[in-house]
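One file, target13.tsv, is given below (TSV, C-alpha atoms and all ligand atoms).
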```tsv
chain	number	residue	atom	x	y	z
B	37	MET	CA	26.84	3.93	17.32
B	38	TYR	CA	24.40	6.44	15.88
B	39	LYS	CA	23.19	9.63	17.53
B	40	SER	CA	19.80	9.06	16.00
B	41	ILE	CA	18.01	6.45	13.92
B	42	VAL	CA	14.88	7.49	12.05
B	43	ILE	CA	12.51	4.61	11.23
B	44	GLY	CA	10.22	5.34	8.29
B	45	THR	CA	10.48	7.68	5.31
B	46	GLY	CA	7.19	9.46	4.79
B	47	PRO	CA	7.06	13.26	5.12
B	48	ALA	CA	7.54	12.98	8.91
B	49	GLY	CA	10.67	10.81	8.81
B	50	LEU	CA	12.26	12.69	5.93
B	51	THR	CA	11.64	16.08	7.52
B	52	ALA	CA	13.14	14.79	10.78
B	53	ALA	CA	16.11	13.55	8.75
B	54	ILE	CA	16.60	16.96	7.08
B	55	TYR	CA	16.62	18.75	10.44
B	56	LEU	CA	18.88	16.19	12.16
B	57	ALA	CA	21.30	16.17	9.25
B	58	ARG	CA	21.45	19.98	9.18
B	59	ALA	CA	22.21	19.86	12.92
B	60	ASN	CA	25.18	17.66	11.99
B	61	LEU	CA	23.82	14.62	13.85
B	62	LYS	CA	24.32	12.31	10.83
B	63	PRO	CA	21.08	10.35	11.25
B	64	LEU	CA	20.59	6.86	9.85
B	65	VAL	CA	17.24	6.64	8.09
B	66	ILE	CA	15.67	3.21	7.62
B	67	GLU	CA	13.32	3.23	4.69
B	68	GLY	CA	11.04	0.25	5.33
B	69	LEU	CA	8.96	-1.64	2.80
B	70	GLN	CA	7.39	1.43	1.21
B	71	PRO	CA	10.09	4.11	0.86
B	72	GLY	CA	8.44	7.52	0.74
B	73	GLY	CA	5.35	6.23	2.51
B	74	GLN	CA	1.75	6.69	1.50
B	75	LEU	CA	2.41	9.72	-0.71
B	76	THR	CA	4.22	7.51	-3.18
B	77	THR	CA	0.87	5.85	-3.88
B	78	THR	CA	-1.00	9.10	-4.53
B	79	THR	CA	-1.04	11.18	-7.67
B	80	GLU	CA	-1.10	14.93	-7.39
B	81	VAL	CA	-0.71	16.62	-4.01
B	82	GLU	CA	-2.63	19.90	-4.24
B	83	ASN	CA	-2.44	21.12	-0.66
B	84	PHE	CA	1.24	21.00	0.26
B	85	PRO	CA	2.20	24.69	0.64
B	86	GLY	CA	4.77	26.00	-1.82
B	87	PHE	CA	3.44	24.18	-4.88
B	88	PRO	CA	0.73	26.40	-6.38
B	89	ASP	CA	0.30	24.06	-9.36
B	90	GLY	CA	0.45	20.89	-7.22
B	91	ILE	CA	3.21	18.29	-7.21
B	92	MET	CA	3.13	14.54	-7.78
B	93	GLY	CA	3.39	12.60	-4.50
B	94	PRO	CA	6.43	10.48	-5.51
B	95	GLU	CA	8.27	13.59	-6.72
B	96	LEU	CA	7.62	15.42	-3.46
B	97	MET	CA	9.00	12.50	-1.47
B	98	ASP	CA	12.00	12.14	-3.77
B	99	ASN	CA	12.78	15.84	-3.27
B	100	MET	CA	12.60	15.48	0.52
B	101	ARG	CA	14.93	12.48	0.41
B	102	LYS	CA	17.48	14.34	-1.73
B	103	GLN	CA	17.29	17.30	0.64
B	104	ALA	CA	18.09	15.05	3.62
B	105	GLU	CA	20.94	13.34	1.72
B	106	ARG	CA	22.40	16.72	0.76
B	107	PHE	CA	22.98	17.46	4.46
B	108	GLY	CA	24.49	14.06	5.24
B	109	ALA	CA	21.63	11.75	6.21
B	110	GLU	CA	22.50	8.10	5.57
B	111	PHE	CA	19.75	5.85	4.10
B	112	LYS	CA	19.32	2.10	4.43
B	113	SER	CA	16.77	0.31	2.34
B	114	ALA	CA	15.72	-2.27	4.91
B	115	TRP	CA	13.03	-3.31	7.33
B	116	VAL	CA	13.15	-2.95	11.13
B	117	GLU	CA	12.21	-6.27	12.71
B	118	SER	CA	12.26	-5.19	16.33
B	119	VAL	CA	13.73	-2.69	18.78
B	120	ASP	CA	15.06	-3.05	22.31
B	121	LEU	CA	14.34	0.13	24.21
B	122	SER	CA	14.89	-1.38	27.66
B	123	GLN	CA	18.56	-0.40	27.82
B	124	ARG	CA	20.82	2.36	26.50
B	125	PRO	CA	22.07	2.73	23.90
B	126	PHE	CA	18.87	1.50	22.24
B	127	LYS	CA	19.07	-1.46	19.88
B	128	VAL	CA	17.40	-1.41	16.47
B	129	ASN	CA	17.29	-4.82	14.81
B	130	VAL	CA	17.33	-4.40	11.03
B	131	GLU	CA	16.59	-7.30	8.69
B	132	GLY	CA	19.68	-8.33	6.72
B	133	VAL	CA	21.86	-5.83	8.63
B	134	GLY	CA	21.69	-6.88	12.27
B	135	GLU	CA	21.60	-4.93	15.50
B	136	LEU	CA	22.36	-1.21	15.35
B	137	LEU	CA	23.03	0.93	18.42
B	138	THR	CA	21.68	4.44	18.81
B	139	GLU	CA	21.24	7.11	21.45
B	140	THR	CA	17.83	8.18	20.17
B	141	VAL	CA	15.07	6.79	17.96
B	142	ILE	CA	12.53	8.67	15.89
B	143	ILE	CA	9.52	6.54	14.97
B	144	SER	CA	7.81	7.69	11.78
B	145	THR	CA	6.47	4.41	10.44
B	146	GLY	CA	3.09	5.80	9.43
B	147	ALA	CA	-0.01	3.72	8.94
B	148	SER	CA	-1.15	0.98	6.53
B	149	ALA	CA	-4.42	0.49	4.71
B	150	LYS	CA	-7.15	-1.35	6.60
B	151	TYR	CA	-9.13	-4.24	5.19
B	152	LEU	CA	-12.74	-5.16	5.97
B	153	GLY	CA	-12.15	-8.79	6.89
B	154	ILE	CA	-15.07	-10.05	4.78
B	155	PRO	CA	-15.06	-13.34	2.83
B	156	GLY	CA	-13.41	-13.15	-0.58
B	157	GLU	CA	-11.35	-10.06	0.29
B	158	GLN	CA	-7.86	-11.23	1.32
B	159	GLU	CA	-7.70	-14.13	-1.14
B	160	ASN	CA	-8.38	-11.72	-4.02
B	161	VAL	CA	-5.91	-8.97	-3.13
B	162	GLY	CA	-4.01	-8.38	-6.38
B	163	ARG	CA	-6.71	-10.30	-8.30
B	164	GLY	CA	-9.41	-7.64	-8.32
B	165	VAL	CA	-9.23	-6.38	-4.73
B	166	SER	CA	-6.95	-3.44	-3.97
B	167	THR	CA	-6.33	-0.64	-1.45
B	168	CYS	CA	-4.39	1.57	-3.86
B	169	ALA	CA	-6.06	3.24	-6.83
B	170	THR	CA	-2.87	4.81	-8.13
B	171	CYS	CA	-1.08	1.46	-8.02
B	172	ASP	CA	-3.82	-0.67	-9.57
B	173	GLY	CA	-6.36	1.61	-11.29
B	174	PHE	CA	-4.65	1.13	-14.64
B	175	PHE	CA	-5.60	-2.56	-14.66
B	176	PHE	CA	-9.32	-1.70	-14.68
B	177	ARG	CA	-9.52	0.24	-17.91
B	178	GLY	CA	-13.09	0.08	-19.21
B	179	LYS	CA	-14.19	-2.06	-16.23
B	180	ARG	CA	-16.69	-1.49	-13.40
B	181	ILE	CA	-15.28	-0.66	-10.00
B	182	VAL	CA	-16.64	-0.53	-6.47
B	183	VAL	CA	-14.96	1.74	-3.91
B	184	ILE	CA	-15.77	1.01	-0.26
B	185	GLY	CA	-15.71	3.83	2.31
B	186	GLY	CA	-17.20	7.24	2.99
B	187	GLY	CA	-14.12	9.30	3.93
B	188	ASP	CA	-11.77	11.52	1.95
B	189	SER	CA	-9.71	8.53	0.83
B	190	ALA	CA	-12.77	6.88	-0.72
B	191	MET	CA	-13.76	10.11	-2.51
B	192	GLU	CA	-10.22	10.58	-3.80
B	193	GLU	CA	-9.91	6.97	-4.96
B	194	ALA	CA	-13.35	7.04	-6.61
B	195	SER	CA	-12.62	10.27	-8.49
B	196	PHE	CA	-9.21	9.04	-9.60
B	197	LEU	CA	-10.55	5.66	-10.74
B	198	THR	CA	-13.07	7.30	-13.11
B	199	ARG	CA	-10.04	7.96	-15.36
B	200	PHE	CA	-9.94	4.25	-16.11
B	201	ALA	CA	-13.23	2.65	-15.15
B	202	SER	CA	-16.46	2.57	-17.14
B	203	SER	CA	-18.27	3.26	-13.85
B	204	VAL	CA	-17.37	3.62	-10.17
B	205	THR	CA	-19.86	2.82	-7.39
B	206	VAL	CA	-19.12	4.14	-3.90
B	207	VAL	CA	-20.41	1.79	-1.21
B	208	HIS	CA	-20.72	3.30	2.26
B	209	ARG	CA	-22.23	1.77	5.38
B	210	ARG	CA	-24.15	4.93	6.37
B	211	SER	CA	-26.28	7.38	4.42
B	212	GLU	CA	-24.03	10.29	5.37
B	213	LEU	CA	-20.49	10.55	4.07
B	214	ARG	CA	-17.63	11.32	6.43
B	215	ALA	CA	-15.57	13.06	3.73
B	216	SER	CA	-14.90	16.82	3.68
B	217	LYS	CA	-17.36	18.92	1.68
B	218	ILE	CA	-14.91	19.78	-1.09
B	219	MET	CA	-14.03	16.13	-1.69
B	220	GLN	CA	-17.70	15.08	-1.57
B	221	ASP	CA	-18.69	17.82	-4.01
B	222	ARG	CA	-15.97	16.84	-6.43
B	223	ALA	CA	-17.08	13.21	-6.39
B	224	ARG	CA	-20.78	14.07	-6.61
B	225	GLU	CA	-20.16	16.23	-9.66
B	226	ASN	CA	-18.47	13.32	-11.42
B	227	GLU	CA	-21.02	11.66	-13.70
B	228	LYS	CA	-19.17	8.35	-13.72
B	229	ILE	CA	-19.66	7.91	-9.96
B	230	GLN	CA	-22.74	6.12	-8.63
B	231	TRP	CA	-23.72	5.84	-4.99
B	232	ALA	CA	-24.74	2.81	-2.92
B	233	LEU	CA	-25.13	4.41	0.50
B	234	ASP	CA	-26.44	2.74	3.63
B	235	ARG	CA	-25.05	-0.59	2.41
B	236	THR	CA	-22.90	-2.92	4.53
B	237	PRO	CA	-20.27	-4.88	2.55
B	238	LEU	CA	-20.71	-8.62	3.12
B	239	GLU	CA	-18.56	-10.53	0.62
B	240	VAL	CA	-16.38	-10.15	-2.46
B	241	VAL	CA	-18.02	-12.55	-4.89
B	242	THR	CA	-15.90	-14.21	-7.59
B	243	HIS	CA	-16.41	-16.33	-10.68
B	244	GLU	CA	-14.03	-18.14	-13.07
B	245	THR	CA	-12.50	-14.97	-14.50
B	246	GLY	CA	-12.01	-13.09	-11.23
B	247	VAL	CA	-14.09	-10.71	-9.14
B	248	LYS	CA	-17.80	-10.71	-10.01
B	249	GLY	CA	-18.91	-8.04	-7.57
B	250	LEU	CA	-19.55	-7.01	-3.99
B	251	LYS	CA	-22.41	-8.50	-2.01
B	252	VAL	CA	-23.90	-5.90	0.33
B	253	ARG	CA	-26.79	-5.62	2.77
B	254	ASN	CA	-29.20	-2.77	2.12
B	255	ASN	CA	-29.52	-1.43	5.67
B	256	GLU	CA	-32.90	0.12	4.95
B	257	THR	CA	-34.63	-2.99	3.61
B	258	GLY	CA	-32.35	-5.67	5.11
B	259	GLU	CA	-32.09	-7.28	1.68
B	260	GLU	CA	-28.85	-8.56	0.17
B	261	GLU	CA	-27.74	-7.20	-3.21
B	262	LEU	CA	-24.87	-7.92	-5.57
B	263	ILE	CA	-23.19	-4.85	-7.03
B	264	GLU	CA	-21.49	-6.19	-10.12
B	265	ALA	CA	-17.91	-5.04	-10.68
B	266	GLU	CA	-14.56	-6.39	-11.82
B	267	GLY	CA	-12.62	-4.36	-9.24
B	268	VAL	CA	-13.15	-3.72	-5.51
B	269	PHE	CA	-11.12	-0.93	-3.91
B	270	VAL	CA	-11.15	-0.81	-0.11
B	271	ALA	CA	-10.66	2.75	1.23
B	272	ILE	CA	-11.74	2.57	4.88
B	273	GLY	CA	-8.77	4.14	6.63
B	274	HIS	CA	-5.48	2.99	8.08
B	275	THR	CA	-3.84	1.16	11.00
B	276	PRO	CA	-0.67	2.57	12.61
B	277	ASN	CA	2.50	0.55	12.00
B	278	THR	CA	3.59	-0.12	15.57
B	279	GLY	CA	3.79	-3.93	15.68
B	280	PHE	CA	7.61	-3.98	15.61
B	281	LEU	CA	7.71	-2.06	18.91
B	282	GLY	CA	6.53	-5.14	20.78
B	283	GLY	CA	4.47	-3.09	23.23
B	284	GLN	CA	7.46	-1.15	24.61
B	285	ILE	CA	5.95	2.21	23.66
B	286	THR	CA	2.62	3.35	25.06
B	287	THR	CA	-0.12	3.46	22.44
B	288	ASP	CA	-3.86	4.06	22.49
B	289	ALA	CA	-6.34	1.23	22.00
B	290	ALA	CA	-6.05	1.49	18.19
B	291	GLY	CA	-2.24	1.25	18.32
B	292	TYR	CA	-1.40	4.93	17.74
B	293	ILE	CA	1.65	6.04	19.74
B	294	GLN	CA	0.81	8.42	22.56
B	295	VAL	CA	3.02	11.47	22.78
B	296	LYS	CA	3.22	14.12	25.45
B	297	PRO	CA	0.78	16.81	24.24
B	298	GLY	CA	2.49	19.51	22.22
B	299	THR	CA	5.70	17.47	21.81
B	300	THR	CA	6.86	14.27	20.10
B	301	GLU	CA	8.08	12.61	23.31
B	302	THR	CA	6.94	9.03	23.90
B	303	ASN	CA	6.87	7.33	27.29
B	304	ILE	CA	10.57	6.44	26.86
B	305	PRO	CA	12.95	9.42	27.06
B	306	GLY	CA	15.04	9.55	23.87
B	307	VAL	CA	12.34	7.92	21.73
B	308	PHE	CA	10.19	10.28	19.69
B	309	ALA	CA	7.21	9.72	17.37
B	310	CYS	CA	5.96	11.82	14.48
B	311	GLY	CA	3.59	11.59	11.52
B	312	ASP	CA	0.61	9.30	11.09
B	313	VAL	CA	1.89	6.71	13.57
B	314	GLN	CA	0.90	9.11	16.37
B	315	ASP	CA	-1.75	11.24	14.66
B	316	THR	CA	-5.40	10.27	14.95
B	317	ARG	CA	-6.69	13.68	13.99
B	318	TYR	CA	-4.97	15.55	11.13
B	319	ARG	CA	-3.07	12.91	9.09
B	320	GLN	CA	-1.95	15.32	6.39
B	321	ALA	CA	1.43	15.41	4.61
B	322	ILE	CA	2.05	18.91	5.94
B	323	THR	CA	1.18	18.05	9.55
B	324	ALA	CA	3.36	14.92	9.30
B	325	ALA	CA	6.24	17.05	8.01
B	326	GLY	CA	5.66	19.57	10.81
B	327	SER	CA	5.72	16.87	13.46
B	328	GLY	CA	8.92	15.46	11.88
B	329	CYS	CA	10.55	18.84	12.39
B	330	MET	CA	9.34	18.84	16.02
B	331	ALA	CA	10.74	15.33	16.59
B	332	ALA	CA	14.17	16.35	15.30
B	333	MET	CA	14.20	19.45	17.50
B	334	ASP	CA	13.04	17.44	20.56
B	335	CYS	CA	15.74	14.89	19.76
B	336	GLU	CA	18.44	17.58	19.51
B	337	LYS	CA	17.40	19.02	22.88
B	338	TYR	CA	17.45	15.55	24.42
B	339	LEU	CA	20.95	14.87	23.09
B	340	GLU	CA	22.11	18.19	24.52
B	341	GLY	CA	20.84	17.01	27.90
B	342	HIS	CA	18.03	19.55	28.14
B	343	MET	CA	15.21	17.05	28.25
B	344	VAL	CA	15.80	14.37	30.81
B	345	HIS	CA	12.46	14.19	32.58
B	346	ASP	CA	10.29	11.11	32.34
B	347	TRP	CA	6.62	11.85	31.82
B	348	SER	CA	5.51	8.23	31.29
B	349	GLU	CA	3.58	8.24	34.58
B	350	THR	CA	1.12	10.73	33.15
B	351	LEU	CA	0.15	8.57	30.17
B	352	ASN	CA	-3.07	6.57	30.07
B	353	LYS	CA	-1.89	3.02	30.21
Z	401	LIG	P1	-11.57	7.94	7.52
Z	401	LIG	O1	-11.82	9.39	7.47
Z	401	LIG	O2	-11.38	7.26	8.84
Z	401	LIG	O3	-12.81	7.24	6.77
Z	401	LIG	C1	-12.94	5.85	6.73
Z	401	LIG	C2	-14.29	5.51	6.08
Z	401	LIG	O4	-14.38	4.10	5.97
Z	401	LIG	C3	-15.46	5.99	6.90
Z	401	LIG	O5	-16.45	6.50	6.06
Z	401	LIG	C4	-15.93	4.72	7.60
Z	401	LIG	O6	-17.32	4.68	7.82
Z	401	LIG	C5	-15.56	3.65	6.63
Z	401	LIG	N1	-15.27	2.39	7.32
Z	401	LIG	C6	-14.35	2.16	8.30
Z	401	LIG	N2	-14.37	0.89	8.69
Z	401	LIG	C7	-15.33	0.29	7.94
Z	401	LIG	C8	-15.83	-1.03	7.89
Z	401	LIG	N3	-15.34	-2.00	8.67
Z	401	LIG	N4	-16.82	-1.30	7.01
Z	401	LIG	C9	-17.33	-0.33	6.21
Z	401	LIG	N5	-16.89	0.94	6.21
Z	401	LIG	C10	-15.90	1.25	7.07
Z	401	LIG	O7	-10.31	7.50	6.65
Z	401	LIG	P2	-9.73	8.16	5.31
Z	401	LIG	O8	-10.79	8.42	4.35
Z	401	LIG	O9	-8.62	7.25	4.94
Z	401	LIG	O10	-9.13	9.55	5.78
Z	401	LIG	C11	-8.16	9.59	6.85
Z	401	LIG	C12	-7.63	11.02	7.05
Z	401	LIG	O11	-6.86	11.40	5.90
Z	401	LIG	C13	-8.74	12.07	7.17
Z	401	LIG	O12	-8.31	13.02	8.10
Z	401	LIG	C14	-8.82	12.65	5.79
Z	401	LIG	O13	-9.29	13.99	5.80
Z	401	LIG	C15	-7.37	12.58	5.32
Z	401	LIG	N6	-7.32	12.50	3.85
Z	401	LIG	C16	-7.24	13.67	3.16
Z	401	LIG	C17	-7.19	13.65	1.78
Z	401	LIG	C18	-7.07	14.96	1.05
Z	401	LIG	O14	-7.32	15.99	1.63
Z	401	LIG	N7	-6.66	14.96	-0.21
Z	401	LIG	C19	-7.24	12.45	1.07
Z	401	LIG	C20	-7.35	11.26	1.81
Z	401	LIG	C21	-7.39	11.30	3.20
Z	401	LIG	P3	-18.01	5.65	8.90
Z	401	LIG	O15	-18.03	7.00	8.26
Z	401	LIG	O16	-19.36	5.03	9.05
Z	401	LIG	O17	-17.19	5.56	10.13
```
Please render this file's structure as structure tokens.
Ligand code: NAP
Amino acid sequence: MYKSIVIGTGPAGLTAAIYLARANLKPLVIEGLQPGGQLTTTTEVENFPGFPDGIMGPELMDNMRKQAERFGAEFKSAWVESVDLSQRPFKVNVEGVGELLTETVIISTGASAKYLGIPGEQENVGRGVSTCATCDGFFFRGKRIVVIGGGDSAMEEASFLTRFASSVTVVHRRSELRASKIMQDRARENEKIQWALDRTPLEVVTHETGVKGLKVRNNETGEEELIEAEGVFVAIGHTPNTGFLGGQITTDAAGYIQVKPGTTETNIPGVFACGDVQDTRYRQAITAAGSGCMAAMDCEKYLEGHMVHDWSETLNK
């Protein structure tokens, strides 16, 4: 039996693993389908303190993993199918491994890219439709690209994709962008980026050779337009990865785990949540890492018997 199992290996899970391992609790860390999490699909991380010249996302995550291993964290490259938190020890059901027993669980499964749900989108994922510029941008060298969304992700993706594309058009459903000023400014200064604001995406249109473009509604005139492009990148935010919990942990309406304010405690004592899976507000690598540290410290206190109260009654169900 394990003292603690950490599920998910973004900055939150890996930081929790470093702290647990240094506390000699020998955590098992289950990596999931995307080891290293979302940062492995970004390029340079400019705002993680301690790296004045920036650091590549995959390198940062690799460093965190090595740091956790150095102190004795055990890693399993596998996928958690389900958990049983109704009895103690808790059961964590891992694909290809079976049922593992643990006294505590740290959930740091992050969030996954959202899709629009419009015709032509799902059937063309990998054939012109993508949610990851760093993964797929290379395939659109010299081609026209549409990026959908008005947040920081869309600005970042659009700016990055200008390295490859002949032109990038940002399509956003409102006339005002949601993105931070610095990210907006950077994108607006980029001559390769064009803007199709106040346009609602309707359909990814294809022809024999692949994606032909994105059909949108001009919200001002009500008219439909086709923005021609070979690539469509969807950058409209993320959904928390909480499906495997089977409703045993209290979440908000969008699926984000609810934690006791100022802590990482979930409604079940001994189960903690950190990183994007419980964060609807900050969603930064550094805040995820910070909450991973908090989860490990909450977990240690719990294992020492200092945190035995149940606060689940106070949650909004
Ligand atoms: P976000 O801020 O939630 O923005 C999502 C965008 O997609 C919004 O503009 C939204 O439109 C649009 N959208 C959502 N659903 C849509 C739909 N069904 N159809 C059309 N458009 C839709 O998500 P994000 O950009 O992924 O950013 C998430 C968090 O990560 C933010 O806190 C952000 O600051 C952070 N982030 C930071 C960086 C960085 O600092 N380097 C990079 C990326 C992300 P509306 O505006 O109309 O709602």
Hey, could you make a per-residue contact list for chain B against ligand LIG 401 (chain Z) with 7 Å as the cut-off, showing the nearest pair of atoms and its distance in Å to one decimal, counting all atoms listed in the file, sorted by chain and number, as a Markdown table?
```
| residue | atom | partner | partner_atom | distance |
| --- | --- | --- | --- | --- |
| B:Leu152 | CA | Z:LIG401 | N3 | 4.9 |
| B:Ile184 | CA | Z:LIG401 | N5 | 6.6 |
| B:Gly185 | CA | Z:LIG401 | O4 | 3.9 |
| B:Gly186 | CA | Z:LIG401 | O5 | 3.2 |
| B:Gly187 | CA | Z:LIG401 | O8 | 3.5 |
| B:Asp188 | CA | Z:LIG401 | O8 | 4.0 |
| B:Ser189 | CA | Z:LIG401 | O8 | 3.7 |
| B:Ala190 | CA | Z:LIG401 | O8 | 5.7 |
| B:Glu192 | CA | Z:LIG401 | C19 | 6.0 |
| B:His208 | CA | Z:LIG401 | N5 | 6.0 |
| B:Arg209 | CA | Z:LIG401 | C9 | 5.4 |
| B:Arg210 | CA | Z:LIG401 | O16 | 5.5 |
| B:Leu213 | CA | Z:LIG401 | O15 | 6.0 |
| B:Arg214 | CA | Z:LIG401 | O15 | 4.7 |
| B:Ala215 | CA | Z:LIG401 | O1 | 6.4 |
| B:Ser216 | CA | Z:LIG401 | O13 | 6.6 |
| B:Thr236 | CA | Z:LIG401 | C9 | 6.4 |
| B:Pro237 | CA | Z:LIG401 | C9 | 6.5 |
| B:Ala271 | CA | Z:LIG401 | O4 | 6.2 |
| B:Ile272 | CA | Z:LIG401 | O4 | 3.2 |
| B:Gly273 | CA | Z:LIG401 | O9 | 3.5 |
| B:His274 | CA | Z:LIG401 | O9 | 6.2 |
| B:Arg317 | CA | Z:LIG401 | O12 | 6.1 |
| B:Tyr318 | CA | Z:LIG401 | O12 | 5.2 |
| B:Arg319 | CA | Z:LIG401 | O11 | 5.2 |
| B:Gln320 | CA | Z:LIG401 | C15 | 6.2 |
```
So how many Å separate CA of Lys296 in chain B and CA of Glu336 in chain B, to one decimal?
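Value for the CA of Lys296 in chain B-CA of Glu336 in chain B distance: 16.7 Å.
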As a VMD selection string, please: the residues near Lys251 in chain B (cut-off 6 Å, all atoms listed in the file, same-chain neighbours under 3 positions excluded).
chain B and resid 238 to 239 261 to 262
Mind dumping a table of every range 93-168 of chain B residue within 12 Å of range 277-280 of chain B, with the nearest atom pair and its distance in Å to one decimal, using only C-alpha atoms, sorted by chain and rising number, as CSV?
```
residue,atom,partner,partner_atom,distance
B:Trp115,CA,B:Phe280,CA,9.9
B:Val116,CA,B:Phe280,CA,7.2
B:Glu117,CA,B:Phe280,CA,5.9
B:Ser118,CA,B:Phe280,CA,4.9
B:Val119,CA,B:Phe280,CA,7.0
B:Asp120,CA,B:Phe280,CA,10.1
B:Leu121,CA,B:Phe280,CA,11.7
B:Val128,CA,B:Phe280,CA,10.2
B:Asn129,CA,B:Phe280,CA,9.7
B:Val130,CA,B:Phe280,CA,10.8
B:Glu131,CA,B:Phe280,CA,11.8
B:Ile143,CA,B:Thr278,CA,8.9
B:Ser144,CA,B:Asn277,CA,8.9
B:Thr145,CA,B:Asn277,CA,5.8
B:Gly146,CA,B:Asn277,CA,5.9
B:Ala147,CA,B:Asn277,CA,5.1
B:Ser148,CA,B:Asn277,CA,6.6
B:Ala149,CA,B:Asn277,CA,10.1
B:Lys150,CA,B:Asn277,CA,11.2
```
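Between CA of Gly68 in chain B and CA of Phe308 in chain B lies a distance of 17.5 Å.
With all atoms listed in the file as the atoms that count, the minimum distance from Gln230 in chain B to the choices B:Thr242, B:Thr198, B:Thr45, B:Asn255 is reached by B:Thr198.
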Which of B:Val42, B:Val81, B:Ile322, B:Val252 sits closest to Ile154 in chain B [using only C-alpha atoms]
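Checking each candidate against Ile154 in chain B, we get B:Val252 as the closest.
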Quick one: pull the distance between CA of Glu95 in chain B and CA of Met333 in chain B, Å, one decimal.
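Interatomic distance, CA of Glu95 in chain B to CA of Met333 in chain B: 25.6 Å.
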Quick one: residues within 12 Å of Arg224 in chain B, all atoms listed in the file, excluding same-chain residues fewer than 3 positions away - as a PyMOL selection string?
chain B and resi 191-192+194-195+204-206+213+215+217-221+227-231
Taking the point (4.8, 7.6, 25.9) as given in the file, collect each protein or nucleic acid residue that comes within 6 Å of it, counting all atoms listed in the file, and present the set as an mmCIF file with C-alpha atoms, in the frame of the given file.
```
data_model
loop_
_atom_site.group_PDB
_atom_site.id
_atom_site.type_symbol
_atom_site.label_atom_id
_atom_site.label_comp_id
_atom_site.auth_asym_id
_atom_site.auth_seq_id
_atom_site.Cartn_x
_atom_site.Cartn_y
_atom_site.Cartn_z
ATOM 1 C CA ILE B 285 5.950 2.210 23.660
ATOM 2 C CA THR B 286 2.620 3.350 25.060
ATOM 3 C CA GLN B 294 0.810 8.420 22.560
ATOM 4 C CA VAL B 295 3.020 11.470 22.780
ATOM 5 C CA THR B 302 6.940 9.030 23.900
ATOM 6 C CA ASN B 303 6.870 7.330 27.290
ATOM 7 C CA ILE B 304 10.570 6.440 26.860
ATOM 8 C CA SER B 348 5.510 8.230 31.290
#
```
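Among the candidates B:Arg180, B:Gly267, B:Ala332, B:Gly306, the one nearest to Arg58 in chain B when counting all atoms listed in the file is B:Ala332.
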Calculated over all atoms listed in the file, which of the candidates B:Ile43, B:Tyr55, B:Leu50, B:Gly153 has the smallest distance to Lys102 in chain B?
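Among the listed residues, B:Leu50 lies closest to Lys102 in chain B.
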Go through B:Glu340, B:Asp89, B:Asp334, B:Asp315 one by one, measure the shortest atom-to-atom distance of each to Ala52 in chain B using only C-alpha atoms, and give the residue with the smallest value.
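The closest residue to Ala52 in chain B is B:Asp334.
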Which of B:Pro305, B:Gly108, B:Gly328, B:Gly341 sits closest to Ala59 in chain B [using only C-alpha atoms]
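Residue with the minimum atom-to-atom distance to Ala59 in chain B: B:Gly108.
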Expected file content for range 281-291 of chain B, N, CA and C atoms, as a PDB file, in the first residue's frame:
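What landed in result_19.pdb:
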```
ATOM      1  N   LEU B 281     -13.303  10.339 -11.886  1.00  0.00           N
ATOM      2  CA  LEU B 281     -13.687  10.365 -10.469  1.00  0.00           C
ATOM      3  C   LEU B 281     -15.114   9.861 -10.248  1.00  0.00           C
ATOM      4  N   GLY B 282     -15.853   9.739 -11.357  1.00  0.00           N
ATOM      5  CA  GLY B 282     -17.199   9.170 -11.268  1.00  0.00           C
ATOM      6  C   GLY B 282     -18.108   9.908 -10.286  1.00  0.00           C
ATOM      7  N   GLY B 283     -17.919  11.199 -10.162  1.00  0.00           N
ATOM      8  CA  GLY B 283     -18.807  12.005  -9.311  1.00  0.00           C
ATOM      9  C   GLY B 283     -18.573  11.871  -7.820  1.00  0.00           C
ATOM     10  N   GLN B 284     -17.485  11.199  -7.406  1.00  0.00           N
ATOM     11  CA  GLN B 284     -17.259  11.012  -5.965  1.00  0.00           C
ATOM     12  C   GLN B 284     -16.696  12.255  -5.283  1.00  0.00           C
ATOM     13  N   ILE B 285     -16.134  13.148  -6.083  1.00  0.00           N
ATOM     14  CA  ILE B 285     -15.551  14.385  -5.540  1.00  0.00           C
ATOM     15  C   ILE B 285     -16.432  15.550  -5.981  1.00  0.00           C
ATOM     16  N   THR B 286     -16.695  16.452  -5.064  1.00  0.00           N
ATOM     17  CA  THR B 286     -17.556  17.592  -5.387  1.00  0.00           C
ATOM     18  C   THR B 286     -16.853  18.541  -6.357  1.00  0.00           C
ATOM     19  N   THR B 287     -17.568  18.865  -7.436  1.00  0.00           N
ATOM     20  CA  THR B 287     -17.038  19.802  -8.436  1.00  0.00           C
ATOM     21  C   THR B 287     -18.042  20.939  -8.635  1.00  0.00           C
ATOM     22  N   ASP B 288     -17.624  21.974  -9.350  1.00  0.00           N
ATOM     23  CA  ASP B 288     -18.591  23.002  -9.732  1.00  0.00           C
ATOM     24  C   ASP B 288     -19.300  22.540 -11.007  1.00  0.00           C
ATOM     25  N   ALA B 289     -20.166  23.401 -11.531  1.00  0.00           N
ATOM     26  CA  ALA B 289     -20.976  23.001 -12.685  1.00  0.00           C
ATOM     27  C   ALA B 289     -20.112  22.669 -13.901  1.00  0.00           C
ATOM     28  N   ALA B 290     -18.941  23.305 -14.015  1.00  0.00           N
ATOM     29  CA  ALA B 290     -18.072  23.061 -15.170  1.00  0.00           C
ATOM     30  C   ALA B 290     -17.172  21.848 -14.964  1.00  0.00           C
ATOM     31  N   GLY B 291     -17.225  21.227 -13.774  1.00  0.00           N
ATOM     32  CA  GLY B 291     -16.413  20.039 -13.519  1.00  0.00           C
ATOM     33  C   GLY B 291     -15.130  20.297 -12.749  1.00  0.00           C
TER      34      GLY B 291
END
```
